[in-house]
Structure formats: structure tokens, C-alpha cells
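Novice: Attaching a single structure in C-alpha cells format; questions to follow.
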Amino acid sequence: MPFSSASNSAPCASLAALLLLAGCATSGRVTGRDETTRQGAQAETDATTSFSRGIYRVVVGFNDDTGQAAIEYGPTSRTVLRNASLMGWSYSEDRGNTWTYGGRLKPPPGWAVLWGDPALTTSKTNYGLVFMSSLAIPDGKFPASGISGYLDAGQLGGACIARSTDGGVRFEHFQCLTNTTPRNPAWGLPTRGNFYDGGSMAAGPSGEIFAAYVDIDRSQIDVWRSPDGRQPFALLPPPFPHYYAGSHPRIRVAADGTLYAMAVAKTEDVDTQPHALIASRYRNGAWEEPKTILWRVALYPQVDLGGTVLGAPLKLRTGPQFSFDVGVASAEPPDEDNEGVVRRDSVRWLVTQQDEQGWLFLRGGVCDETLRSCGWYEKWTFGAIASGRRTRLDVFNPNVTAFQGLPFGAAPRWQASFLVREGASTTTLGLTRGTLGYVNGQPLSIPVDIARAVPVCPDQRPKGEAYWGDYDGFLPVDVDGDSVRFLRFMTDSSLGCTKRWSFLAEHQHVQAVSYWY
């Protein structure tokens, strides 16, 4: 996306100061500021940037309950009726300082419900062409009386992609995607659309648009491709055909057009390391052999904050516990990593693991552009025990984003962000960022808190989990000289926690945390 060197606000601290101070970060409400969105709930985000008719925008999609008449809530119940939609968005025309609510899309013909898990991307050949994805329920899987309680494989049957031609101000439905292949083709069973979950989108340099989901029915990652964002999406061969994929996917595209996909898969060693982070790349019309990046990955762990709100415990469910990006490799990568092998580092990643005491921590590492050489760095570990004592308790929900750099301006850089539980008994979380970089040729990342004591207000799911937004967007949005401004979105419960029903919590909105680096 294009960046302008003219920004609305100058960086507030130097790099050295940023390593020491969190005061440079600022937070602002994306939703919940106005009367319209304040009356509903919004959480779980993905974001992109656009440029249309001379206006640069940041666009964020979220699970949106604003003005929702087709979902009926009770203290212990939820009924989803036809025409329910969680596909909402907002946009900013001043680099994230203020936001305009875009609205919610209604389900298109043939589809009964749009059920969130947002994913967004922008065409790299037409910066006004923005795409947004949502899970969906086809008419054929939706009962006339609606659906009570959880939505699962019995109802969800694909995803719908909307397209904006004006940089994210307005969206219209473009295409709905579904896979009707049964788990075992030999069974020959009819299907009305496999259960899709998650969502990730990416754009290639020649105009290609990609969308990926986990097909829960088949334990596979489905990746769809439109050659130019105008022609329909078509299903590609599976990137991990001999694996049992169990997580939301993540996809990214390199500058040369290579598509990278990552997911967490089940392993045969179910006792000691049941899940592994795997990756593959799509080049010249075919997927290459998948690569195992790291073992002993936490799939969807619950986070017990140890505190209570409105008389009920705070046990958060989580979303995808890994993230990666593809960017500019270091000119002089470190001599060796933990495995004693020299690495190229154009792919950098973070993944959540669990130690012997049960605490969640993040491990970061690199892969070269071929994915044949991967390893992790001890100095890119967040939340592990340091000097015999634990500096943080649970560290989870990682994000990684790469700023590619400008030809005659800001240099490339890599940023990570994640949530932190810092107290043995707490009702709040912190948001921390770190640089996946090097000092004097050696890996080093110093965590810097960019939001502290963020109040948590999840619902109370009957299965003992609590929803507060499973994942969030993170991206660079502005440049001033050699400083880059990043936005990380997260759930905002600062209006107070006044209600915690089984499927509803008040308040849940979206905030954007901004910092310069």
C-alpha cells in the first residue's frame, strides 16, 4: 500500500526512548464512541489499507452485533434467525485517529447468515479494491426455526467475500465459497457445504487475491484464488494434503508473488507434542512439500485470568496462536541460531507454547524464503522464565507484521504484538509489542507495553469458555521520515462490564492502539 511522508502527527519519541517508555502509544475507540455502535457489540478484527480518489484509508472489519434484530439473546440462550449478519466494518481517513462506521452487510441470495471471522486485503494493482471475508451459512443448512445455542458443523457451510471499489467505504457481495467434498470421497455422501472456520486473505503483486479457511469436516486448509480480483475465486489444490489441519490458516504473499500458508496440524505423538506449526508455499501453479516449523504448539488454549467479574470467573478462549509475515531479509543475519545453522530470515514468525507449569509463552523464529531452513531464537522468546523468576504469566495471541520499506525513505522493519496477563488474579490484560530484530548482529527483542490494565468483559459460554474476540489485526499505517506508525486492534471494554450472559457481554467494542517505531 502507498504511504505518504506527510503525517498528521510526528513521532513522539526516538527509538531509544521507545525501548524504555510506553507513553508513546495512544489508544482510540474505533466503535463504541457513537450511539449506533455503542448499543451493540463489536470484537475480533482484521485490517488493511487502501487509496482511492486521492484518499488514504485504514479499513478494519469485525464481528458486528450493531443493530442486530435477527439474533435473540437471553441470559442463558441465543437464537440466530435468518438474515443475521456479523459482517461489519469501519474506516479511517486520518490514519487511525478517528473512525467512521461503515455498517453491516446483509446475507446475499442463497445464504441465510453471515457469521464473522473477518479477513481483509487490498489489491496491489488497484489500491481502491478492498476485499472482506466472513463465514456463512447456506440456505440449505439453515432450519426455518433458526439455530439455538452454538453454531457448528451442522450449520456453517462456507464463506462469503465482499468487495469494495471505493477503498473500503462501501462493500458489495462478490462471491460466496463452499466445498462440498465429503471427508471420505469413497463414501459418496451428499453435502450442503463443509464447515469453514477462520479466514485469512492476501494479495499478490500481479493482482491476484487469495482467501483461505480451515475445512473442519476434512481437516484441510482450503485456499481460493482470483487471478485479478475481478474474475471469480477458484479452489486451489490443498497445501497440506497429508496432514490433519486443526487451526485457522494464515496466508501471506511475497514481493515475487510466492504465496505462503501456515497452519497448526495434529501429529502422531499425541502425548508429548500433539500439534505442530506447518508451512508451505505456492509457486508456478503448485504447492511445494510442506515443512514442519515447530513442535509442541498450543492450539486453542484457555487463559484463566484468576479473577472474577459480576460473580463469574474470567476464563478466555483464544484464537489462532501463531502469526507470520514475509518481508525483507536482513543484510547480515546472525551467524547461527539455536540449532547452529545460518539462516536467511525473509519469513519471521511467532507461536504460542506452554511450559511445564502450564504458562503460555511465545517463541519467535525465522525461515528462509524456501522454507527449507527454519529455526527459533532464544532472544525472541516472550513470557518465559527469566533469571529464575517469571516476568509475565500468560503471553498469547501473537501478531507479526513486516513493513517493506520505501525506496527513498523508511527502512524495512518487523514488529510483533501480543496480549499479556501480568497478575495472579486480574480482570485486565496488557498489550505489548516487540521488534523481531537484531542488535550488533545478534537476535534481540525488548518487550514494550503499549496498553496497560485493559478491562476484560467476556461472555459466559456454557462449555466453560468465554468469548472476548479470538484474534485481531496489526499493520503499518503511516511513515514520517524513518519512523513508521503501527496500529494494533483489540477488544475495548472500557465502557464497563455491566452484563455477562451466556452469549452476550456488555461492553465489547473495538479500539486501535497506535505507536511509532
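Identifiers for the C-alpha cells are assigned positionally: chains receive A, B, ... in sequence, residues are indexed from 1 per chain, and ligands are indexed from 1 in the order shown.
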Can you tell me, as a VMD selection string, what residues are no more than 10 Å from A:Arg104 when counting only C-alpha atoms, ignoring any on the same chain fewer than 4 positions away?

Specialist: chain A and resid 61 to 68 84 to 90 114 170 to 171

Novice: Tell me, as number ranges by chain, which residues lie within 10 Å of stretch 299-304 of chain A, counting only C-alpha atoms; anything in the same chain fewer than 2 positions away does not count.

Specialist: A: 246-248, 263-266, 274-277, 296-297, 306-307, 313-322, 351-354, 359-360, 394-397, 421, 424-426, 464-466, 470

Novice: In Å, rounded to a single decimal, give me how far atom CA of A:Ser133 is from atom CA of A:Pro476.

Specialist: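 Calculated distance between atom CA of A:Pro476 and atom CA of A:Ser133 is 20.8 Å.
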
Novice: Find the residues near stretch 40-57 of chain A: any atom within 6 Å, counting only C-alpha atoms, skip ones fewer than 4 places away on the same chain, and give them as a PyMOL selection string.

Specialist: chain A and resi 61-66+92-93+118-121+127-128+166-167+469-473+491+508-510

Novice: Near A:Asp197, within 8 Å and counting only C-alpha atoms, which residues show up once chain neighbours fewer than 3 positions away are dropped, as a PDB file with N, CA and C atoms, in the first residue's frame?

Specialist:
```pdb
ATOM      1  N   ASP A 117     -15.683 -13.920  11.731  1.00  0.00           N
ATOM      2  CA  ASP A 117     -14.290 -14.308  11.481  1.00  0.00           C
ATOM      3  C   ASP A 117     -13.730 -13.488  10.322  1.00  0.00           C
ATOM      4  N   LEU A 135     -17.434 -15.880   7.466  1.00  0.00           N
ATOM      5  CA  LEU A 135     -18.044 -17.206   7.448  1.00  0.00           C
ATOM      6  C   LEU A 135     -19.534 -17.073   7.158  1.00  0.00           C
ATOM      7  N   TYR A 213      -9.281 -20.843   4.425  1.00  0.00           N
ATOM      8  CA  TYR A 213     -10.112 -21.250   5.556  1.00  0.00           C
ATOM      9  C   TYR A 213      -9.707 -22.668   5.954  1.00  0.00           C
ATOM     10  N   VAL A 214     -10.042 -23.053   7.177  1.00  0.00           N
ATOM     11  CA  VAL A 214      -9.883 -24.445   7.549  1.00  0.00           C
ATOM     12  C   VAL A 214     -11.217 -25.149   7.321  1.00  0.00           C
ATOM     13  N   ASP A 215     -11.170 -26.231   6.552  1.00  0.00           N
ATOM     14  CA  ASP A 215     -12.328 -27.085   6.308  1.00  0.00           C
ATOM     15  C   ASP A 215     -12.350 -28.116   7.441  1.00  0.00           C
ATOM     16  N   ILE A 216     -13.156 -27.847   8.455  1.00  0.00           N
ATOM     17  CA  ILE A 216     -13.185 -28.700   9.638  1.00  0.00           C
ATOM     18  C   ILE A 216     -13.637 -30.115   9.288  1.00  0.00           C
ATOM     19  N   HIS A 248      -7.164 -22.266  12.379  1.00  0.00           N
ATOM     20  CA  HIS A 248      -7.342 -21.269  11.341  1.00  0.00           C
ATOM     21  C   HIS A 248      -6.039 -21.150  10.557  1.00  0.00           C
TER      22      HIS A 248
END
```

Novice: Can you pull out every residue within 10 Å of A:Pro109, counting only C-alpha atoms, but drop anything in the same chain fewer than 3 positions away, and send it as a list in words?

Specialist: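 Contacts, in chain order: Lys106, Ala112, Pro138, Asp139, His173 and Cys176 of chain A.
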
Novice: Which residues are close to stretch 492-500 of chain A, i.e. within 7 Å by only C-alpha atoms, leaving aside same-chain residues fewer than 2 positions away? Reply as an NGL selection string.

Specialist: :A and (455-460 or 490 or 502 or 504-511)

Novice: May I have the selected residues written with N, CA and C atoms, as a PDB file, in the first residue's frame?

Specialist:
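Wrote it out as out.pdb, contents follow:
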```
ATOM      1  N   PRO A 455      -9.469  -3.445  30.611  1.00  0.00           N
ATOM      2  CA  PRO A 455     -10.502  -4.260  31.263  1.00  0.00           C
ATOM      3  C   PRO A 455     -11.050  -5.321  30.325  1.00  0.00           C
ATOM      4  N   VAL A 456     -11.342  -6.488  30.896  1.00  0.00           N
ATOM      5  CA  VAL A 456     -11.829  -7.637  30.134  1.00  0.00           C
ATOM      6  C   VAL A 456     -13.270  -7.919  30.518  1.00  0.00           C
ATOM      7  N   CYS A 457     -14.122  -8.074  29.508  1.00  0.00           N
ATOM      8  CA  CYS A 457     -15.540  -8.371  29.753  1.00  0.00           C
ATOM      9  C   CYS A 457     -16.019  -9.405  28.740  1.00  0.00           C
ATOM     10  N   PRO A 458     -15.737 -10.682  28.976  1.00  0.00           N
ATOM     11  CA  PRO A 458     -16.204 -11.725  28.065  1.00  0.00           C
ATOM     12  C   PRO A 458     -17.591 -12.230  28.452  1.00  0.00           C
ATOM     13  N   ASP A 459     -18.212 -12.965  27.531  1.00  0.00           N
ATOM     14  CA  ASP A 459     -19.468 -13.611  27.880  1.00  0.00           C
ATOM     15  C   ASP A 459     -19.174 -14.871  28.699  1.00  0.00           C
ATOM     16  N   GLN A 460     -20.180 -15.708  28.927  1.00  0.00           N
ATOM     17  CA  GLN A 460     -20.016 -16.934  29.722  1.00  0.00           C
ATOM     18  C   GLN A 460     -20.557 -18.120  28.928  1.00  0.00           C
ATOM     19  N   MET A 490      -7.775  -4.256  19.145  1.00  0.00           N
ATOM     20  CA  MET A 490      -8.137  -5.195  20.204  1.00  0.00           C
ATOM     21  C   MET A 490      -9.518  -4.846  20.734  1.00  0.00           C
ATOM     22  N   SER A 502     -24.692 -15.856  28.635  1.00  0.00           N
ATOM     23  CA  SER A 502     -24.016 -16.992  28.014  1.00  0.00           C
ATOM     24  C   SER A 502     -23.403 -16.629  26.663  1.00  0.00           C
ATOM     25  N   LEU A 504     -23.568 -13.188  25.370  1.00  0.00           N
ATOM     26  CA  LEU A 504     -23.569 -11.742  25.221  1.00  0.00           C
ATOM     27  C   LEU A 504     -22.836 -11.107  26.396  1.00  0.00           C
ATOM     28  N   ALA A 505     -22.002 -10.132  26.101  1.00  0.00           N
ATOM     29  CA  ALA A 505     -21.313  -9.380  27.148  1.00  0.00           C
ATOM     30  C   ALA A 505     -21.377  -7.899  26.816  1.00  0.00           C
ATOM     31  N   GLU A 506     -21.588  -7.098  27.809  1.00  0.00           N
ATOM     32  CA  GLU A 506     -21.569  -5.642  27.645  1.00  0.00           C
ATOM     33  C   GLU A 506     -20.602  -5.054  28.683  1.00  0.00           C
ATOM     34  N   HIS A 507     -19.515  -4.376  28.162  1.00  0.00           N
ATOM     35  CA  HIS A 507     -19.437  -3.905  26.788  1.00  0.00           C
ATOM     36  C   HIS A 507     -18.266  -4.547  26.056  1.00  0.00           C
ATOM     37  N   GLN A 508     -18.477  -4.730  24.722  1.00  0.00           N
ATOM     38  CA  GLN A 508     -17.404  -5.153  23.834  1.00  0.00           C
ATOM     39  C   GLN A 508     -17.425  -4.265  22.599  1.00  0.00           C
ATOM     40  N   HIS A 509     -16.346  -3.515  22.420  1.00  0.00           N
ATOM     41  CA  HIS A 509     -16.191  -2.689  21.225  1.00  0.00           C
ATOM     42  C   HIS A 509     -14.770  -2.870  20.700  1.00  0.00           C
ATOM     43  N   VAL A 510     -14.362  -2.047  19.772  1.00  0.00           N
ATOM     44  CA  VAL A 510     -13.043  -2.176  19.146  1.00  0.00           C
ATOM     45  C   VAL A 510     -12.236  -0.916  19.414  1.00  0.00           C
ATOM     46  N   GLN A 511     -10.986  -1.088  19.805  1.00  0.00           N
ATOM     47  CA  GLN A 511     -10.083   0.039  19.922  1.00  0.00           C
ATOM     48  C   GLN A 511      -8.854  -0.205  19.057  1.00  0.00           C
TER      49      GLN A 511
END
```

Novice: Give me the residues of stretch 429-501 of chain A that have any atom at most 12 Å from an atom of stretch 147-165 of chain A; for each, the nearest atom pair and the distance in Å, rounded to one decimal. Use only C-alpha atoms, sort by chain and number, and format it as CSV.

Specialist:
```
residue,atom,partner,partner_atom,distance
A:Arg461,CA,A:Tyr150,CA,9.1
A:Pro462,CA,A:Gly149,CA,9.1
A:Lys463,CA,A:Tyr150,CA,10.0
```

Novice: Next, the residues of the selection above should be written as a CSV table (one decimal), in the first residue's frame with all heavy atoms.

Specialist:
```
chain,number,residue,atom,x,y,z
A,461,ARG,N,-19.8,-18.7,28.0
A,461,ARG,CA,-20.2,-19.8,27.2
A,461,ARG,C,-20.5,-21.0,28.1
A,461,ARG,O,-19.8,-21.3,29.0
A,461,ARG,CB,-19.2,-20.1,26.2
A,461,ARG,CG,-18.8,-19.0,25.2
A,461,ARG,CD,-20.0,-18.7,24.3
A,461,ARG,NE,-19.9,-17.4,23.6
A,461,ARG,CZ,-19.7,-17.2,22.3
A,461,ARG,NH1,-19.5,-18.3,21.6
A,461,ARG,NH2,-19.6,-16.1,21.8
A,462,PRO,N,-21.5,-21.8,27.7
A,462,PRO,CA,-21.9,-22.9,28.5
A,462,PRO,C,-20.8,-24.0,28.6
A,462,PRO,O,-20.7,-24.7,29.6
A,462,PRO,CB,-23.1,-23.5,27.8
A,462,PRO,CG,-23.7,-22.4,27.0
A,462,PRO,CD,-22.5,-21.5,26.6
A,463,LYS,N,-19.8,-24.0,27.7
A,463,LYS,CA,-18.8,-25.0,27.7
A,463,LYS,C,-17.6,-24.6,28.6
A,463,LYS,O,-16.5,-25.2,28.6
A,463,LYS,CB,-18.3,-25.3,26.3
A,463,LYS,CG,-19.3,-25.9,25.4
A,463,LYS,CD,-18.8,-26.2,24.0
A,463,LYS,CE,-19.9,-26.8,23.1
A,463,LYS,NZ,-19.4,-27.1,21.8
```
